[in-house]
Structures are given as C-alpha cells and as structure tokens.
Amino acid sequence: MATRREQKRALGKHTSWETTEGAARAPHRSMMKAMGLTDENINAPFVGIASTHNEVTPCNAGIEPLAEQIKRGVFAAQGTPFVFGTITVSDAISMNTVGMKGSLVSREVIADSIETVVFAERFDGLVAVAGCDKSLPGAMMAIARLNVPSIFVYGGSILPGNLNGKTIQIQDVFEAVGKHQKGDLSDDELYQIESRACPGPGSCGGMFTANTMSSVGEALGLSLPGTASEPAVDQRKSASSRKAGEAVLNLLRKNIRPSDILTKKAFENAVTVVTAMGGSTNTALHLPAIAHEMGVGLSLEDIHDISMRTPHLADMKPGGKYIMYDLDNVGGVPLVMKRLFKLGLIHGDCMTVTGKTVEENLAEIEDNGTEDDVVRLPDNPISNTGGLVILHGNLAPEGAVLKVAGHNYGKSWSGPAKVFNQEEECMESLKKHEIKQGDFVVIRYEGPKGGPGMREMLSITSAIVGQGLGDKVFLMTDGRFSGASHGPMIGHVGPEAAVGGPIAAVENGDKIEIDLESFELNLRVPEKEIKERLSKLDKHVPLYKTGVLGKYTKLVQPASKGAVTG
C-alpha cells in the first residue's frame, strides 16, 4: 500500500511535502494560512510563478496580468500558485551608457534569484514569465538548474509603430540618430520617429534578442507551441498563459522535468530554428549558457555546423523586412519548424512541455505549402545556409560570431584597423565623422571581464548605418551586439583583450582580413610581432572590484562558454 508521501508525489507534490507534512510543520502551515491558503490549497502541489513584471521597460510592463492568468490556470488544474518577482534591465534605455555594463550581469542575477526562491521554498514546479532580452535566458537557465517540472512563458512582442503610413520600430529610432548626426534628419523629424516607434507594451518587434530567445523557448520545447510570436496585447497571450498554468500540473503529475526536454537534440533544434530565422548573435551566448546549466555541451562550432546545413527561410528584421507580428500572422515559429522538420533538420522525437513530442505537436500544425514573403518555402530559401557563422584565426583563437543573415559580404574583406579602447571612444569618433569607408573598426576591452559585462553596441552600429557606412566598414569587438544591430559586425572575439587576447595587440593601420570560405579572422602581422606586442602590455586592472560588477569580473567565464559565472 502506498505511503502518504508516495500518494502526495503521485499528485505532483514532489518536494513541497517537506514544508507541509506532519506535526512539526504546523508553524509552516500557519504561515501559509496567514496568506489565505486553505487545507486543500496546502495539500495541493506548489507552483512558483517567477514574474519579471516591472516599470523599467515596456518589454516587461505588461507581464503582471499574465502572471495572474498563470495563477488561474494553476488553480484550475488543482495546484497552488505562489507569485514572486525578480529584476530586469532595459537594454534599450541603458544602451551607450556605463549602465549597459549591468545588462548581461542581470541574466545571472535573474537566474540566481529564481533558483534561490524555488529551491528555498521547496516548490514542486515553476512557470517563469519574462519579456526583455536577459530575462528570457535568465529564466531558462534557472529552469535548467532547478530541474523541477517547468514551463517558460514569453511576455509577448510589441506591436509595430506607424509614422506617415510607414511601419517603424525601435531599430529605426537608433538608426535615425545616425542620420541626425549626419544632418540628414531634423530635430523635429527625429522627435516624430521617437514618439511613434513604440506604441505600447511588449518586447522589441524584430528578430532581435527577445524574439530570438522566445523562439528558442518554443524550439527547445519549454514553451507551448505558437506562443513565441503572440503580441503582448493580444488576448491569445492571456489565454496561453492560463493554459501554461494548467499544463505545468500535467508535467508535475507525469514527472516530466527539464532534463527530459533539454537534451542535446533539443538544443540542436533551437540552433536550427534560430539560424533559419536570422536570429540574434546573442544566441551564441545564451544557448550555450542554458546548455551549460543542463550539463549539455553546446559549442560555437556546433552552432556553426548547424547553420551551414540550415536554409535561411524567414525574412526577419534587422537584416530582412518583417517583424514578429508579421511572422505571427502567417503561422509563427511552428510554421518554420514544420518546414524544417520536412527537410529532416528537426529532431521530432524530443519531449516538450505539452507532454508530447515535437513531431506530435507539429502534426497539428497546418502548412498549405503556400509561398509568402515572410517565410519562404524550403526550395526557395533566402540563402542555402543559416544566419550565423563562427570565425577563428589568429585574432579569434576561441572564436568570434558574425551574423550573415540579410547580407552578402562576398568571399573576403580586409581593411586598415581603426582601434578604440571601449565604446565611448568610438562614439566620439563617429560624432566627428572620423570613421571612413573601408575602415576596420576595432572596439576592445568590452568583453565579459574587460567591460565588464560585455556591453551591446546598438548605438554604434546604428550610428554607422545612419551615417551611410553600414556596408562600407567592418566592426569587430570582444563585446557584443544587440539583436537589432545589422551590417558587417563581428562580436564575441575571444580571448578578449582584458585577458591578453590577440585583439589587444592590434594597432591603428594594421591590416585585418576576413576569409568567408575558410571562416577565418586574421591580423596580417607576423606572429612574433603579435607576441612581442602582447608581452609589453600592462596587466589589465579591473574597473570594478566590489559589488555586483566586481563579483562578476572575478567569476565570469569566456564568451565562447556563454559568459556563465558558475
């Protein structure tokens, strides 16, 4: 005969019985009753709802109602929900300031905080709802660490703005700044763009980092099918959030855990989907980080190899024409996955949070085989290979990331180096119009340790595009780029300058060369001279020695390993 504890576990009460069972737990139950819980609630499975709602960024400003819908779903499925909060950082608002150093750090804080609460409170399951760039991977990292039955819910994408009948969004505002610097845009025209680009709550609309990571959540099997593209203000988002609350109880009762879902095959599926959609270069940071938390190896070389065999099907901004709203209108991520599955590029046997496999989920998706401008048919791809490539060479022994989606760089490119130590120096040079056609711009000491925090450089890339140099200069950094950045740009160059990487040896006027047949990034300086230059460099002194940035500097691993801290 089953013991009471075994009966509880059969209901999905895997760990919360530790806080609710027996006479010794009377004080614990008393505290729960102080919050209005009944005996029935206390005897039910406990589900933590990690909410990143805040008033810091429009990406997360609409999440509170979704958390309430998740609660309803948990209650409806006879579970007991507990909502708790965590932080977020607005990349767009901190961009091009010293505050941007805290952005990637926030991913770790989010993961740590969610892990801490779920672990300490002995919750049985977790639903994490997030909206902005770092809160999505941070939540998924926590899900992987905890390995309790979990579902990820995306807060949803913003609707497009409109100015004079033309669709605009945040990328247009950043690029308008460059046009304004050049004198091609008046103060009033810039004001009209900034006032119309973001009409309400939701994450930035293109296939930037937030929508890339929402697509990753769906491709990994951590999110319910079709939810990655739902707009934040669409009633479907409320309905799917409630459904997620119900679905997590199914996972609890079947004891389906993230370790059953987040397999190597699932990560390969995610890379395939991202590269087929022209996703963010931040994929090369966040996916390896989530995989690391799950104990799964995912290297930059894995990402490159998958991209090389994956056709680019979705014509998404920033390199293409369309935003997440448009993708949602034609079928969302499931349509892309179905077409990739038919090509044999998606592993159909991976388990998902529906309790079904990817193949079973896709069997319910209709694809009439009609060509449209948003998602191409497999026999007519935008390109035969995916949107991300990994470069090596004497400038990037640990690798570097180049986004090729929407661009044709030819077989090779070279130019004289124009070197800047940190982002501010480069921005000042841009304001003075000192960067010219053909330059190979190098921004260093912006890596995980050197920055610290590996700042995104959307303001830099947007100013370059706005000044008409978007396809006329190459930009290389040991930092990283926003998912909204586009143009010839190489990020995550490793090892970074702060740890003595070769990028620290580059001098103004040196020739830098990219070979896109061998996927190499090289400094055309003799190896002996590179070593001599590096030997003469002073040891890098951390900019922050205390506080969260000081801790991060001490703990963070290289970008090639996802810039994780554990």
# chains A, B, ... in the order shown; residues from 1 in each chain; ligands from 1
call {"tool": "select_by_dssp", "arguments": {"residues": "range 361-420 of chain A", "states": "strand (DSSP E)", "output": "MDAnalysis selection string"}}
result
chainID A and resid 388:391 399:403 412:420
call {"tool": "write_last_selection", "arguments": {"atoms": "N, CA, C and O atoms", "output": "PDB file, in the first residue's frame"}}
result
ATOM      1  N   LEU A 388      24.044  32.657 -38.951  1.00  0.00           N
ATOM      2  CA  LEU A 388      25.186  32.875 -38.069  1.00  0.00           C
ATOM      3  C   LEU A 388      26.364  32.024 -38.520  1.00  0.00           C
ATOM      4  O   LEU A 388      26.192  30.861 -38.886  1.00  0.00           O
ATOM      5  N   VAL A 389      27.562  32.604 -38.480  1.00  0.00           N
ATOM      6  CA  VAL A 389      28.772  31.826 -38.719  1.00  0.00           C
ATOM      7  C   VAL A 389      29.776  32.123 -37.613  1.00  0.00           C
ATOM      8  O   VAL A 389      29.752  33.197 -37.000  1.00  0.00           O
ATOM      9  N   ILE A 390      30.651  31.173 -37.356  1.00  0.00           N
ATOM     10  CA  ILE A 390      31.692  31.320 -36.345  1.00  0.00           C
ATOM     11  C   ILE A 390      33.042  31.403 -37.049  1.00  0.00           C
ATOM     12  O   ILE A 390      33.362  30.582 -37.919  1.00  0.00           O
ATOM     13  N   LEU A 391      33.809  32.414 -36.677  1.00  0.00           N
ATOM     14  CA  LEU A 391      35.126  32.637 -37.258  1.00  0.00           C
ATOM     15  C   LEU A 391      36.208  32.243 -36.259  1.00  0.00           C
ATOM     16  O   LEU A 391      36.035  32.387 -35.045  1.00  0.00           O
ATOM     17  N   GLY A 399      37.228  31.822 -31.066  1.00  0.00           N
ATOM     18  CA  GLY A 399      36.054  32.042 -31.907  1.00  0.00           C
ATOM     19  C   GLY A 399      35.515  33.456 -31.839  1.00  0.00           C
ATOM     20  O   GLY A 399      35.809  34.232 -30.931  1.00  0.00           O
ATOM     21  N   ALA A 400      34.726  33.794 -32.835  1.00  0.00           N
ATOM     22  CA  ALA A 400      34.016  35.068 -32.922  1.00  0.00           C
ATOM     23  C   ALA A 400      32.753  34.820 -33.731  1.00  0.00           C
ATOM     24  O   ALA A 400      32.673  33.852 -34.492  1.00  0.00           O
ATOM     25  N   VAL A 401      31.759  35.675 -33.559  1.00  0.00           N
ATOM     26  CA  VAL A 401      30.444  35.463 -34.171  1.00  0.00           C
ATOM     27  C   VAL A 401      30.167  36.543 -35.206  1.00  0.00           C
ATOM     28  O   VAL A 401      30.303  37.742 -34.924  1.00  0.00           O
ATOM     29  N   LEU A 402      29.758  36.121 -36.392  1.00  0.00           N
ATOM     30  CA  LEU A 402      29.371  37.038 -37.468  1.00  0.00           C
ATOM     31  C   LEU A 402      27.968  36.688 -37.928  1.00  0.00           C
ATOM     32  O   LEU A 402      27.671  35.521 -38.208  1.00  0.00           O
ATOM     33  N   LYS A 403      27.108  37.699 -37.985  1.00  0.00           N
ATOM     34  CA  LYS A 403      25.759  37.486 -38.488  1.00  0.00           C
ATOM     35  C   LYS A 403      25.745  37.788 -39.985  1.00  0.00           C
ATOM     36  O   LYS A 403      26.074  38.894 -40.406  1.00  0.00           O
ATOM     37  N   SER A 412      35.664  37.496 -49.182  1.00  0.00           N
ATOM     38  CA  SER A 412      36.674  38.022 -48.262  1.00  0.00           C
ATOM     39  C   SER A 412      36.504  39.526 -48.122  1.00  0.00           C
ATOM     40  O   SER A 412      35.816  40.173 -48.932  1.00  0.00           O
ATOM     41  N   TRP A 413      37.108  40.066 -47.084  1.00  0.00           N
ATOM     42  CA  TRP A 413      37.053  41.515 -46.835  1.00  0.00           C
ATOM     43  C   TRP A 413      38.274  41.872 -46.001  1.00  0.00           C
ATOM     44  O   TRP A 413      38.659  41.141 -45.097  1.00  0.00           O
ATOM     45  N   SER A 414      38.882  42.994 -46.286  1.00  0.00           N
ATOM     46  CA  SER A 414      40.028  43.440 -45.489  1.00  0.00           C
ATOM     47  C   SER A 414      40.048  44.952 -45.429  1.00  0.00           C
ATOM     48  O   SER A 414      39.446  45.635 -46.268  1.00  0.00           O
ATOM     49  N   GLY A 415      40.741  45.460 -44.416  1.00  0.00           N
ATOM     50  CA  GLY A 415      40.842  46.909 -44.276  1.00  0.00           C
ATOM     51  C   GLY A 415      41.798  47.278 -43.164  1.00  0.00           C
ATOM     52  O   GLY A 415      42.194  46.428 -42.354  1.00  0.00           O
ATOM     53  N   PRO A 416      42.182  48.562 -43.114  1.00  0.00           N
ATOM     54  CA  PRO A 416      43.093  49.030 -42.069  1.00  0.00           C
ATOM     55  C   PRO A 416      42.351  49.200 -40.740  1.00  0.00           C
ATOM     56  O   PRO A 416      41.227  49.690 -40.698  1.00  0.00           O
ATOM     57  N   ALA A 417      43.005  48.794 -39.665  1.00  0.00           N
ATOM     58  CA  ALA A 417      42.389  48.878 -38.337  1.00  0.00           C
ATOM     59  C   ALA A 417      42.291  50.319 -37.864  1.00  0.00           C
ATOM     60  O   ALA A 417      43.208  51.123 -38.045  1.00  0.00           O
ATOM     61  N   LYS A 418      41.155  50.619 -37.258  1.00  0.00           N
ATOM     62  CA  LYS A 418      40.979  51.875 -36.522  1.00  0.00           C
ATOM     63  C   LYS A 418      40.547  51.461 -35.127  1.00  0.00           C
ATOM     64  O   LYS A 418      39.442  50.969 -34.936  1.00  0.00           O
ATOM     65  N   VAL A 419      41.446  51.626 -34.164  1.00  0.00           N
ATOM     66  CA  VAL A 419      41.318  50.973 -32.865  1.00  0.00           C
ATOM     67  C   VAL A 419      40.794  51.919 -31.793  1.00  0.00           C
ATOM     68  O   VAL A 419      41.256  53.065 -31.664  1.00  0.00           O
ATOM     69  N   PHE A 420      39.850  51.396 -30.996  1.00  0.00           N
ATOM     70  CA  PHE A 420      39.285  52.146 -29.873  1.00  0.00           C
ATOM     71  C   PHE A 420      39.256  51.253 -28.641  1.00  0.00           C
ATOM     72  O   PHE A 420      38.870  50.081 -28.722  1.00  0.00           O
TER      73      PHE A 420
END
call {"tool": "closest_atom_pairs", "arguments": {"of": "range 118-208 of chain A", "to": "range 74-88 of chain A", "cutoff": "9 Å", "atoms": "only C-alpha atoms", "output": "tab-separated table"}}
result
residue	atom	partner	partner_atom	distance
A:Phe123	CA	A:Phe82	CA	8.8
A:Cys132	CA	A:Thr88	CA	7.5
A:Asp133	CA	A:Thr88	CA	9.0
A:Lys134	CA	A:Thr88	CA	7.5
A:Ser135	CA	A:Thr88	CA	6.3
call {"tool": "closest_residue", "arguments": {"among": "A:Glu293, A:Gly483, A:Thr310, A:Val109", "to": "Phe208 in chain A", "atoms": "only C-alpha atoms"}}
result
A:Gly483
call {"tool": "closest_atom_pairs", "arguments": {"of": "range 375-459 of chain A", "to": "range 359-369 of chain A", "cutoff": "10 Å", "atoms": "only C-alpha atoms", "output": "tab-separated table"}}
result
residue	atom	partner	partner_atom	distance
A:Arg376	CA	A:Gly369	CA	9.5
A:Leu377	CA	A:Gly369	CA	7.1
A:Pro378	CA	A:Gly369	CA	9.7
call {"tool": "write_last_selection", "arguments": {"atoms": "N, CA and C atoms", "output": "compact mmCIF listing (two decimals), in the first residue's frame"}}
result
# COMPACT_ATOMS: atom_id res chain seq x y z
N ARG A 376 9.83 31.65 -46.40
CA ARG A 376 10.00 31.04 -47.71
C ARG A 376 9.74 29.53 -47.67
N LEU A 377 9.45 28.97 -48.82
CA LEU A 377 9.41 27.51 -48.96
C LEU A 377 10.84 26.99 -49.01
N PRO A 378 11.07 25.77 -48.53
CA PRO A 378 12.43 25.23 -48.48
C PRO A 378 13.16 25.18 -49.82
call {"tool": "residues_around", "arguments": {"residues": "range 531-539 of chain A", "least_positions_apart": "4", "cutoff": "12 Å", "atoms": "only C-alpha atoms", "output": "PyMOL selection string"}}
result
chain A and resi 394-395+450+497-507+525-527
call {"tool": "closest_residue", "arguments": {"among": "A:Glu301, A:Glu456, A:Glu68, A:Asp172", "to": "Gln422 in chain A", "atoms": "only C-alpha atoms"}}
result
A:Glu456
call {"tool": "residues_around", "arguments": {"residues": "range 95-103 of chain A", "least_positions_apart": "2", "cutoff": "10 Å", "atoms": "only C-alpha atoms", "output": "ChimeraX atom specification"}}
result
/A:88-93,105-108,133-135,423-424,427,446-448,451-460,482,548-549,552
call {"tool": "closest_residue", "arguments": {"among": "A:Ala484, A:Val233, A:Val117, A:Val129", "to": "Ser150 in chain A", "atoms": "only C-alpha atoms"}}
result
A:Val129
call {"tool": "select_by_dssp", "arguments": {"residues": "range 489-533 of chain A", "states": "helix (DSSP H, G or I)", "output": "list in words"}}
result
Ala497, Ala498, Val499, Pro502, Ile503, Ala504, Ala505, Glu527, Lys528, Glu529, Ile530, Lys531, Glu532 and Arg533 of chain A
call {"tool": "write_last_selection", "arguments": {"atoms": "C-alpha atoms", "output": "mmCIF file, in the first residue's frame"}}
result
data_model
loop_
_atom_site.group_PDB
_atom_site.id
_atom_site.type_symbol
_atom_site.label_atom_id
_atom_site.label_comp_id
_atom_site.auth_asym_id
_atom_site.auth_seq_id
_atom_site.Cartn_x
_atom_site.Cartn_y
_atom_site.Cartn_z
ATOM 1 C CA ALA A 497 41.650 41.959 -24.692
ATOM 2 C CA ALA A 498 41.487 42.087 -20.884
ATOM 3 C CA VAL A 499 42.948 38.578 -20.581
ATOM 4 C CA PRO A 502 45.282 38.905 -29.687
ATOM 5 C CA ILE A 503 42.726 41.694 -30.191
ATOM 6 C CA ALA A 504 44.761 43.638 -27.599
ATOM 7 C CA ALA A 505 47.755 43.626 -29.981
ATOM 8 C CA GLU A 527 53.072 36.045 -35.116
ATOM 9 C CA LYS A 528 56.383 37.007 -33.480
ATOM 10 C CA GLU A 529 55.422 40.677 -33.508
ATOM 11 C CA ILE A 530 51.943 39.915 -32.113
ATOM 12 C CA LYS A 531 53.563 38.070 -29.204
ATOM 13 C CA GLU A 532 56.020 40.916 -28.614
ATOM 14 C CA ARG A 533 53.208 43.479 -28.540
#
call {"tool": "atom_distance", "arguments": {"atom1": "CA of Gly466 in chain A", "atom2": "CA of Lys182 in chain A"}}
result
7.6 Å
call {"tool": "atom_distance", "arguments": {"atom1": "CA of Gly344 in chain A", "atom2": "CA of Gly217 in chain A"}}
result
20.4 Å
call {"tool": "residues_around", "arguments": {"residues": "Gly468 in chain A", "least_positions_apart": "2", "cutoff": "12 Å", "atoms": "only C-alpha atoms", "output": "NGL selection string"}}
result
:A and (175-184 or 430 or 433 or 435-437 or 461-466 or 470-473 or 487)
call {"tool": "atom_distance", "arguments": {"atom1": "CA of Gly138 in chain A", "atom2": "CA of Gly387 in chain A"}}
result
23.6 Å
call {"tool": "residues_around", "arguments": {"residues": "Ala291 in chain A", "least_positions_apart": "4", "cutoff": "8 Å", "atoms": "only C-alpha atoms", "output": "list of chain:residue names"}}
result
A:Ala144, A:Leu262, A:Phe267, A:Leu287, A:Gly295, A:Val296, A:Gly297, A:Leu298
call {"tool": "write_last_selection", "arguments": {"atoms": "N, CA, C and O atoms", "output": "PDB file, in the first residue's frame"}}
result
ATOM      1  N   ALA A 144      16.657  25.174 -16.059  1.00  0.00           N
ATOM      2  CA  ALA A 144      17.603  24.069 -16.257  1.00  0.00           C
ATOM      3  C   ALA A 144      18.282  23.678 -14.945  1.00  0.00           C
ATOM      4  O   ALA A 144      18.422  22.491 -14.630  1.00  0.00           O
ATOM      5  N   LEU A 262      15.404  19.189 -22.210  1.00  0.00           N
ATOM      6  CA  LEU A 262      16.597  19.923 -22.659  1.00  0.00           C
ATOM      7  C   LEU A 262      17.756  18.976 -22.947  1.00  0.00           C
ATOM      8  O   LEU A 262      18.786  18.976 -22.274  1.00  0.00           O
ATOM      9  N   PHE A 267      18.657  21.230 -28.115  1.00  0.00           N
ATOM     10  CA  PHE A 267      19.486  22.414 -28.375  1.00  0.00           C
ATOM     11  C   PHE A 267      19.831  22.515 -29.853  1.00  0.00           C
ATOM     12  O   PHE A 267      19.897  23.623 -30.415  1.00  0.00           O
ATOM     13  N   LEU A 287      22.340  30.377 -25.617  1.00  0.00           N
ATOM     14  CA  LEU A 287      22.082  28.943 -25.763  1.00  0.00           C
ATOM     15  C   LEU A 287      23.176  28.091 -25.100  1.00  0.00           C
ATOM     16  O   LEU A 287      22.862  27.141 -24.371  1.00  0.00           O
ATOM     17  N   GLY A 295      23.957  20.781 -18.159  1.00  0.00           N
ATOM     18  CA  GLY A 295      25.013  19.781 -18.287  1.00  0.00           C
ATOM     19  C   GLY A 295      25.154  19.227 -19.682  1.00  0.00           C
ATOM     20  O   GLY A 295      25.689  18.128 -19.881  1.00  0.00           O
ATOM     21  N   VAL A 296      24.684  19.994 -20.673  1.00  0.00           N
ATOM     22  CA  VAL A 296      24.766  19.596 -22.084  1.00  0.00           C
ATOM     23  C   VAL A 296      25.835  20.437 -22.769  1.00  0.00           C
ATOM     24  O   VAL A 296      25.864  21.659 -22.614  1.00  0.00           O
ATOM     25  N   GLY A 297      26.705  19.804 -23.518  1.00  0.00           N
ATOM     26  CA  GLY A 297      27.737  20.543 -24.241  1.00  0.00           C
ATOM     27  C   GLY A 297      27.197  21.134 -25.532  1.00  0.00           C
ATOM     28  O   GLY A 297      26.637  20.416 -26.355  1.00  0.00           O
ATOM     29  N   LEU A 298      27.333  22.446 -25.697  1.00  0.00           N
ATOM     30  CA  LEU A 298      26.949  23.115 -26.951  1.00  0.00           C
ATOM     31  C   LEU A 298      28.025  24.143 -27.259  1.00  0.00           C
ATOM     32  O   LEU A 298      28.148  25.160 -26.577  1.00  0.00           O
TER      33      LEU A 298
END
